[in-house]
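**Q** Pasting upload.cif below, which is mmCIF, C-alpha atoms.
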```cif
data_input
loop_
_atom_site.label_atom_id
_atom_site.label_comp_id
_atom_site.auth_asym_id
_atom_site.auth_seq_id
_atom_site.Cartn_x
_atom_site.Cartn_y
_atom_site.Cartn_z
CA MET F 1 -40.06 12.84 -11.74
CA ALA F 2 -42.60 14.50 -9.41
CA TYR F 3 -45.29 12.77 -7.38
CA SER F 4 -48.50 14.67 -6.72
CA HIS F 5 -50.21 12.21 -4.36
CA ALA F 6 -49.58 11.35 -0.71
CA TYR F 7 -48.31 7.87 0.00
CA THR F 8 -48.04 5.73 3.08
CA GLU F 9 -44.46 4.66 3.66
CA ASN F 10 -43.43 1.96 1.21
CA THR F 11 -40.62 0.99 -1.09
CA THR F 12 -40.75 0.74 -4.84
CA SER F 13 -38.38 0.19 -7.72
CA LEU F 14 -38.58 2.51 -10.69
CA GLY F 15 -36.32 1.49 -13.54
CA ASN F 16 -32.79 1.33 -12.15
CA ARG F 17 -33.67 3.47 -9.13
CA ASN F 18 -34.66 2.38 -5.66
CA LEU F 19 -36.90 4.93 -3.98
CA ILE F 20 -38.71 5.40 -0.70
CA LEU F 21 -41.88 7.50 -0.69
CA THR F 22 -43.33 8.84 2.55
CA ARG F 23 -46.53 10.66 3.39
CA GLN F 24 -44.50 13.61 4.63
CA ASN F 25 -42.57 14.16 1.43
CA THR F 26 -41.56 12.65 -1.89
CA THR F 27 -37.81 12.79 -1.37
CA LYS F 28 -35.97 10.03 -3.20
CA LYS F 29 -33.79 8.05 -0.83
CA LEU F 30 -30.89 5.94 -1.96
CA PHE F 31 -30.71 2.41 -0.66
CA ALA F 32 -27.46 1.18 0.89
CA ASP F 33 -27.12 -1.55 -1.75
CA ARG F 34 -26.38 1.16 -4.31
CA LEU F 35 -23.73 3.06 -2.30
CA VAL F 36 -20.02 2.52 -1.60
CA ALA F 37 -18.39 4.37 1.30
CA HIS F 38 -15.22 5.81 -0.25
CA ARG F 39 -12.33 5.42 2.21
CA GLY F 40 -14.98 4.83 4.87
CA LEU F 41 -17.08 7.72 6.11
CA GLN F 42 -14.50 10.27 5.01
CA VAL F 43 -16.23 13.65 5.34
CA PRO F 44 -16.32 13.85 9.17
CA TYR F 45 -13.55 11.32 9.94
CA PRO F 46 -9.97 10.68 8.80
CA GLU F 47 -9.98 8.54 5.68
CA ASN F 48 -8.87 4.92 5.48
CA THR F 49 -8.93 4.32 9.23
CA VAL F 50 -10.71 1.72 11.31
CA LEU F 51 -12.69 4.65 12.70
CA SER F 52 -13.91 5.82 9.28
CA VAL F 53 -14.85 2.26 8.29
CA GLN F 54 -16.67 1.67 11.59
CA LYS F 55 -18.59 4.94 11.25
CA ALA F 56 -19.58 4.09 7.67
CA ILE F 57 -21.00 0.77 8.86
CA GLU F 58 -22.82 2.49 11.71
CA ALA F 59 -24.34 4.87 9.14
CA GLY F 60 -25.72 1.87 7.24
CA ALA F 61 -23.03 1.13 4.65
CA LEU F 62 -23.15 -2.31 3.04
CA PHE F 63 -20.15 -1.58 0.81
CA VAL F 64 -16.94 0.09 1.98
CA GLU F 65 -13.85 0.93 -0.07
CA ILE F 66 -10.29 1.27 1.25
CA ASP F 67 -6.84 1.77 -0.32
CA ILE F 68 -3.79 -0.42 0.23
CA GLN F 69 -0.10 0.43 0.19
CA LEU F 70 2.66 -1.90 1.37
CA SER F 71 5.03 -1.10 4.23
CA LEU F 72 8.79 -1.67 4.18
CA ASP F 73 8.20 -5.17 5.56
CA LYS F 74 5.61 -5.69 2.80
CA GLN F 75 2.55 -5.65 5.03
CA PRO F 76 -0.72 -4.26 3.60
CA MET F 77 -1.54 -0.90 5.19
CA VAL F 78 -4.78 1.02 4.74
CA TYR F 79 -3.50 4.23 3.14
CA HIS F 80 -4.13 6.19 -0.03
CA ASP F 81 -0.98 8.25 -0.53
CA ILE F 82 2.52 6.94 -1.05
CA ASN F 83 3.79 9.84 1.07
CA LEU F 84 2.73 10.20 4.71
CA LYS F 85 2.71 14.00 4.81
CA ARG F 86 -0.94 14.85 4.07
CA VAL F 87 -2.55 12.39 6.46
CA SER F 88 0.18 11.74 9.03
CA VAL F 89 2.48 14.83 8.86
CA GLN F 90 5.55 12.72 8.16
CA ASP F 91 7.44 13.66 5.02
CA CYS F 92 8.52 10.18 4.01
CA LEU F 93 7.25 7.28 1.95
CA ILE F 94 5.01 4.67 3.52
CA SER F 95 7.31 2.03 2.03
CA SER F 96 10.25 3.38 4.05
CA LEU F 97 8.80 2.28 7.42
CA ASN F 98 7.89 -1.12 8.84
CA SER F 99 4.28 -1.86 9.69
CA SER F 100 4.94 -1.68 13.44
CA GLU F 101 6.36 1.82 13.01
CA LEU F 102 3.48 2.94 10.80
CA MET F 103 0.83 1.73 13.23
CA ARG F 104 2.26 4.04 15.89
CA LEU F 105 1.83 7.10 13.67
CA PRO F 106 -1.33 9.22 13.58
CA ALA F 107 -3.69 9.19 10.59
CA TYR F 108 -5.65 12.34 11.26
CA GLU F 109 -5.60 14.65 8.19
CA PRO F 110 -4.75 17.83 10.12
CA GLU F 111 -5.20 20.28 7.24
CA ARG F 112 -8.79 19.11 6.79
CA LEU F 113 -9.80 18.04 10.30
CA GLY F 114 -7.44 19.85 12.65
CA GLU F 115 -6.18 18.06 15.76
CA GLN F 116 -9.40 16.33 16.82
CA PHE F 117 -8.40 12.85 15.59
CA ILE F 118 -4.69 12.96 16.37
CA SER F 119 -5.02 9.82 18.50
CA GLU F 120 -6.27 7.80 15.50
CA THR F 121 -3.39 5.76 14.11
CA ILE F 122 -2.59 4.22 10.74
CA SER F 123 -4.52 1.00 10.24
CA SER F 124 -3.27 -2.26 8.86
CA LEU F 125 -5.46 -4.25 6.49
CA ALA F 126 -5.66 -6.90 9.20
CA ASN F 127 -7.32 -4.33 11.52
CA VAL F 128 -10.02 -3.62 8.96
CA VAL F 129 -10.55 -7.28 8.10
CA GLU F 130 -11.15 -8.01 11.78
CA LEU F 131 -13.82 -5.30 11.82
CA ILE F 132 -15.48 -6.43 8.58
CA ASN F 133 -15.43 -10.03 9.75
CA SER F 134 -17.76 -9.04 12.59
CA HIS F 135 -20.22 -7.44 10.13
CA PRO F 136 -21.24 -10.23 7.73
CA GLN F 137 -23.55 -7.93 5.77
CA VAL F 138 -20.64 -5.72 4.61
CA THR F 139 -18.58 -6.13 1.43
CA LEU F 140 -15.11 -4.59 1.29
CA PHE F 141 -13.64 -3.08 -1.89
CA VAL F 142 -9.83 -3.16 -1.65
CA GLU F 143 -7.95 -0.87 -4.02
CA LEU F 144 -4.40 -2.02 -4.74
CA LYS F 145 -2.37 1.14 -5.26
CA GLU F 146 -0.11 1.38 -8.27
CA GLU F 147 2.86 2.82 -6.34
CA SER F 148 3.21 -0.28 -4.17
CA ILE F 149 2.65 -2.58 -7.13
CA ALA F 150 5.47 -0.81 -8.97
CA GLU F 151 7.83 -0.97 -5.99
CA PHE F 152 7.19 -4.47 -4.67
CA GLY F 153 5.74 -6.24 -7.71
CA ALA F 154 2.27 -7.56 -8.45
CA GLU F 155 3.03 -11.05 -7.15
CA THR F 156 4.04 -9.78 -3.70
CA MET F 157 1.15 -7.34 -3.55
CA LEU F 158 -1.45 -9.97 -4.42
CA LYS F 159 0.01 -12.68 -2.21
CA ASN F 160 0.26 -10.52 0.90
CA VAL F 161 -3.09 -8.78 0.46
CA CYS F 162 -5.02 -11.95 -0.36
CA GLN F 163 -3.49 -13.75 2.60
CA VAL F 164 -4.81 -11.10 4.99
CA LEU F 165 -8.22 -11.06 3.26
CA GLN F 166 -8.82 -14.82 3.66
CA PRO F 167 -11.27 -14.50 6.59
CA ILE F 168 -13.56 -12.37 4.39
CA ARG F 169 -12.54 -13.83 1.03
CA ASP F 170 -16.07 -14.03 -0.35
CA ARG F 171 -16.83 -10.43 0.68
CA ALA F 172 -13.60 -8.80 -0.49
CA VAL F 173 -13.44 -7.29 -3.99
CA LEU F 174 -10.01 -6.41 -5.40
CA ILE F 175 -9.91 -3.28 -7.56
CA SER F 176 -7.06 -1.31 -9.14
CA PHE F 177 -6.05 1.11 -11.86
CA ASP F 178 -3.44 -1.54 -12.70
CA TYR F 179 -5.43 -3.75 -15.06
CA SER F 180 -2.86 -6.53 -15.16
CA ILE F 181 -2.98 -7.21 -11.42
CA ILE F 182 -6.76 -7.53 -11.59
CA ALA F 183 -6.47 -9.92 -14.53
CA THR F 184 -3.99 -11.99 -12.51
CA ALA F 185 -6.29 -12.01 -9.49
CA LYS F 186 -9.17 -13.27 -11.61
CA ASP F 187 -6.95 -15.88 -13.31
CA ASN F 188 -5.81 -17.09 -9.89
CA GLY F 189 -9.39 -17.61 -8.80
CA TRP F 190 -10.02 -14.64 -6.52
CA PRO F 191 -13.84 -14.56 -6.20
CA GLN F 192 -14.49 -10.90 -7.08
CA ALA F 193 -12.34 -8.27 -8.75
CA GLY F 194 -12.59 -5.39 -11.19
CA PRO F 195 -10.62 -2.56 -12.79
CA VAL F 196 -10.73 1.16 -12.09
CA LEU F 197 -10.73 2.88 -15.48
CA LEU F 198 -7.82 5.11 -16.39
CA GLU F 199 -9.93 6.52 -19.21
CA TRP F 200 -13.39 5.76 -20.51
CA SER F 201 -12.34 4.36 -23.89
CA HIS F 202 -10.65 1.47 -22.09
CA ILE F 203 -14.03 0.02 -21.16
CA HIS F 204 -14.28 -1.31 -24.72
CA SER F 205 -10.67 -2.52 -24.89
CA ASP F 206 -9.61 -6.15 -25.11
CA PRO F 207 -7.82 -6.16 -21.70
CA ILE F 208 -10.94 -4.92 -19.86
CA LYS F 209 -13.20 -7.31 -21.77
CA ALA F 210 -10.83 -10.18 -20.97
CA ILE F 211 -10.89 -9.38 -17.25
CA ALA F 212 -14.71 -9.64 -17.24
CA GLY F 213 -14.69 -7.88 -13.89
CA ASP F 214 -17.54 -8.20 -11.43
CA TYR F 215 -17.37 -4.42 -11.10
CA ILE F 216 -15.89 -1.55 -13.10
CA PHE F 217 -15.11 1.69 -11.26
CA THR F 218 -15.00 5.01 -13.10
CA ASP F 219 -15.00 8.74 -12.50
CA TYR F 220 -18.58 9.76 -13.31
CA LYS F 221 -17.25 12.85 -15.12
CA ILE F 222 -15.70 10.79 -17.91
CA ILE F 223 -18.81 8.78 -18.80
CA PRO F 224 -19.95 10.09 -22.21
CA GLU F 225 -23.45 11.56 -22.08
CA ASN F 226 -24.75 9.43 -24.93
CA GLU F 227 -23.03 6.19 -23.90
CA ASN F 228 -25.33 3.15 -23.81
CA LEU F 229 -24.55 1.39 -20.53
CA ASP F 230 -27.21 -1.30 -20.81
CA SER F 231 -24.86 -3.73 -22.55
CA LEU F 232 -22.32 -3.80 -19.71
CA THR F 233 -22.00 -7.15 -17.98
CA SER F 234 -20.03 -5.69 -15.05
CA LYS F 235 -21.65 -3.49 -12.41
CA LEU F 236 -20.59 0.08 -13.14
CA VAL F 237 -19.61 2.03 -10.02
CA ALA F 238 -19.27 5.81 -10.45
CA TYR F 239 -17.16 8.01 -8.17
CA GLU F 240 -17.16 10.66 -6.63
CA VAL F 241 -20.94 11.10 -6.20
CA GLY F 242 -21.82 13.64 -3.55
CA THR F 243 -25.58 14.20 -3.90
CA ALA F 244 -28.73 12.14 -4.30
CA GLN F 245 -29.65 14.24 -7.33
CA LEU F 246 -26.42 13.30 -9.11
CA ALA F 247 -26.92 9.65 -8.16
CA GLU F 248 -30.42 9.71 -9.64
CA GLU F 249 -29.15 11.26 -12.87
CA LEU F 250 -26.47 8.59 -13.16
CA ALA F 251 -28.94 5.82 -12.31
CA ASN F 252 -31.20 7.00 -15.11
CA ARG F 253 -28.24 6.55 -17.47
CA GLY F 254 -27.61 2.99 -16.27
CA VAL F 255 -24.96 3.38 -13.56
CA ALA F 256 -25.40 0.58 -11.00
CA MET F 257 -23.67 1.96 -7.90
CA PHE F 258 -22.26 5.20 -6.52
CA GLU F 259 -19.11 5.73 -4.48
CA THR F 260 -19.25 8.64 -2.06
CA PHE F 261 -17.21 10.26 0.69
CA ASP F 262 -20.39 11.06 2.62
CA ILE F 263 -22.54 7.94 2.72
CA ALA F 264 -24.21 9.08 5.95
CA SER F 265 -25.81 12.07 4.21
CA LEU F 266 -26.97 10.06 1.19
CA LEU F 267 -28.63 7.47 3.42
CA LYS F 268 -30.60 10.02 5.45
#
```
I need this file expressed as structure tokens, please.
**A**
Amino acid sequence: MAYSHAYTENTTSLGNRNLILTRQNTTKKLFADRLVAHRGLQVPYPENTVLSVQKAIEAGALFVEIDIQLSLDKQPMVYHDINLKRVSVQDCLISSLNSSELMRLPAYEPERLGEQFISETISSLANVVELINSHPQVTLFVELKEESIAEFGAETMLKNVCQVLQPIRDRAVLISFDYSIIATAKDNGWPQAGPVLLEWSHIHSDPIKAIAGDYIFTDYKIIPENENLDSLTSKLVAYEVGTAQLAEELANRGVAMFETFDIASLLK
């Protein structure tokens, strides 16, 4: 939609979109309450680190997502891969080392970022919770990774993660591709939780309906073009959204929120 008139700076809501119009231009600006920082501010910083989470918050993020794997001593670590090679240049499983050993290893993504962040180490969930606890405006999405669930069991995963999350319990949302662990979390009274869809057709399945998640995460590419999203009772969060134009297109179709690796650019 184009605007032909000059405006003084103000905010307005148009349908499902939040826009800012300025006298200098008519660029649509996304509000932070529609954006989720995927693995923190991942584009310029190593993912899933205290640094990337801190930088996302400094950029204005109100929602930050991280991934959790368990260490050998069953402690929740902020890490996406089951293998340490890509991020930490150690060809072994994260579950083969204790948390104290992991927290001495770098988390610097050398193939993508070179050596500039080699001093950044693997973060525990407790590290991130401490940071989030000092920013009461921020909600944390915590993805429980299937590999650790399979190895240690859903009961251990939930117990150990939820214990660490207690200081920010009301601002911590559990998410996972493992639908059953999310159902268990909801049944056990965890305040907010939701599934990450394995495929779009599952959104209409009995297990997803029974979860009644506060949020549903999905790859934006699998949302059918003609799908009516207005009937959803959960907030639909689409990933991986890299541009404001794509976010606007998805908002026009009824998507509530957008997960991005580069929240700083979308908030400019």
**Q** Quick one: apply the PyMOL selection byres ((chain F and resi 216) around 12) to the file and drop the selected residues here as a VMD selection string.
**A** chain F and resid 141 173 to 177 179 182 192 to 200 202 to 204 208 to 209 211 to 215 217 to 220 229 232 to 239 255 to 259
**Q** Print the selection's residues with C-alpha atoms to a file, as a compact mmCIF listing (two decimals), in the coordinates of the input.
**A**
```txt
# COMPACT_ATOMS: atom_id res chain seq x y z
CA PHE F 141 -13.64 -3.08 -1.89
CA VAL F 173 -13.44 -7.29 -3.99
CA LEU F 174 -10.01 -6.41 -5.40
CA ILE F 175 -9.91 -3.28 -7.56
CA SER F 176 -7.06 -1.31 -9.14
CA PHE F 177 -6.05 1.11 -11.86
CA TYR F 179 -5.43 -3.75 -15.06
CA ILE F 182 -6.76 -7.53 -11.59
CA GLN F 192 -14.49 -10.90 -7.08
CA ALA F 193 -12.34 -8.27 -8.75
CA GLY F 194 -12.59 -5.39 -11.19
CA PRO F 195 -10.62 -2.56 -12.79
CA VAL F 196 -10.73 1.16 -12.09
CA LEU F 197 -10.73 2.88 -15.48
CA LEU F 198 -7.82 5.11 -16.39
CA GLU F 199 -9.93 6.52 -19.21
CA TRP F 200 -13.39 5.76 -20.51
CA HIS F 202 -10.65 1.47 -22.09
CA ILE F 203 -14.03 0.02 -21.16
CA HIS F 204 -14.28 -1.31 -24.72
CA ILE F 208 -10.94 -4.92 -19.86
CA LYS F 209 -13.20 -7.31 -21.77
CA ILE F 211 -10.89 -9.38 -17.25
CA ALA F 212 -14.71 -9.64 -17.24
CA GLY F 213 -14.69 -7.88 -13.89
CA ASP F 214 -17.54 -8.20 -11.43
CA TYR F 215 -17.37 -4.42 -11.10
CA PHE F 217 -15.11 1.69 -11.26
CA THR F 218 -15.00 5.01 -13.10
CA ASP F 219 -15.00 8.74 -12.50
CA TYR F 220 -18.58 9.76 -13.31
CA LEU F 229 -24.55 1.39 -20.53
CA LEU F 232 -22.32 -3.80 -19.71
CA THR F 233 -22.00 -7.15 -17.98
CA SER F 234 -20.03 -5.69 -15.05
CA LYS F 235 -21.65 -3.49 -12.41
CA LEU F 236 -20.59 0.08 -13.14
CA VAL F 237 -19.61 2.03 -10.02
CA ALA F 238 -19.27 5.81 -10.45
CA TYR F 239 -17.16 8.01 -8.17
CA VAL F 255 -24.96 3.38 -13.56
CA ALA F 256 -25.40 0.58 -11.00
CA MET F 257 -23.67 1.96 -7.90
CA PHE F 258 -22.26 5.20 -6.52
CA GLU F 259 -19.11 5.73 -4.48
```
**Q** Excluding same-chain residues fewer than 5 positions from Asp262 of chain F, what lies within 12 Å of it counting only C-alpha atoms, as a ChimeraX atom specification?
**A** /F:35-45,47,52-53,55-56,59-61,64,239-244,267-268
**Q** Could you check how far atom CA of Val161 of chain F sits from atom CA of Leu105 of chain F, in Å to one decimal?
**A**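 Distance reported for this atom pair: 21.2 Å.
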**Q** Name every residue that the PyMOL selection byres ((chain F and resi 164) around 12) selects in this structure, writing the answer as a VMD selection string with chains first and numbers rising.
**A** chain F and resid 68 74 to 77 124 to 130 133 142 157 to 163 165 to 169 172
**Q** Check which residues satisfy the PyMOL selection byres ((chain F and resi 120) around 6) in the file shown, then give them as a list in words.
**A**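 Applying the expression gives Pro106, Ala107, Phe117, Ile118, Ser119 and Thr121 of chain F.
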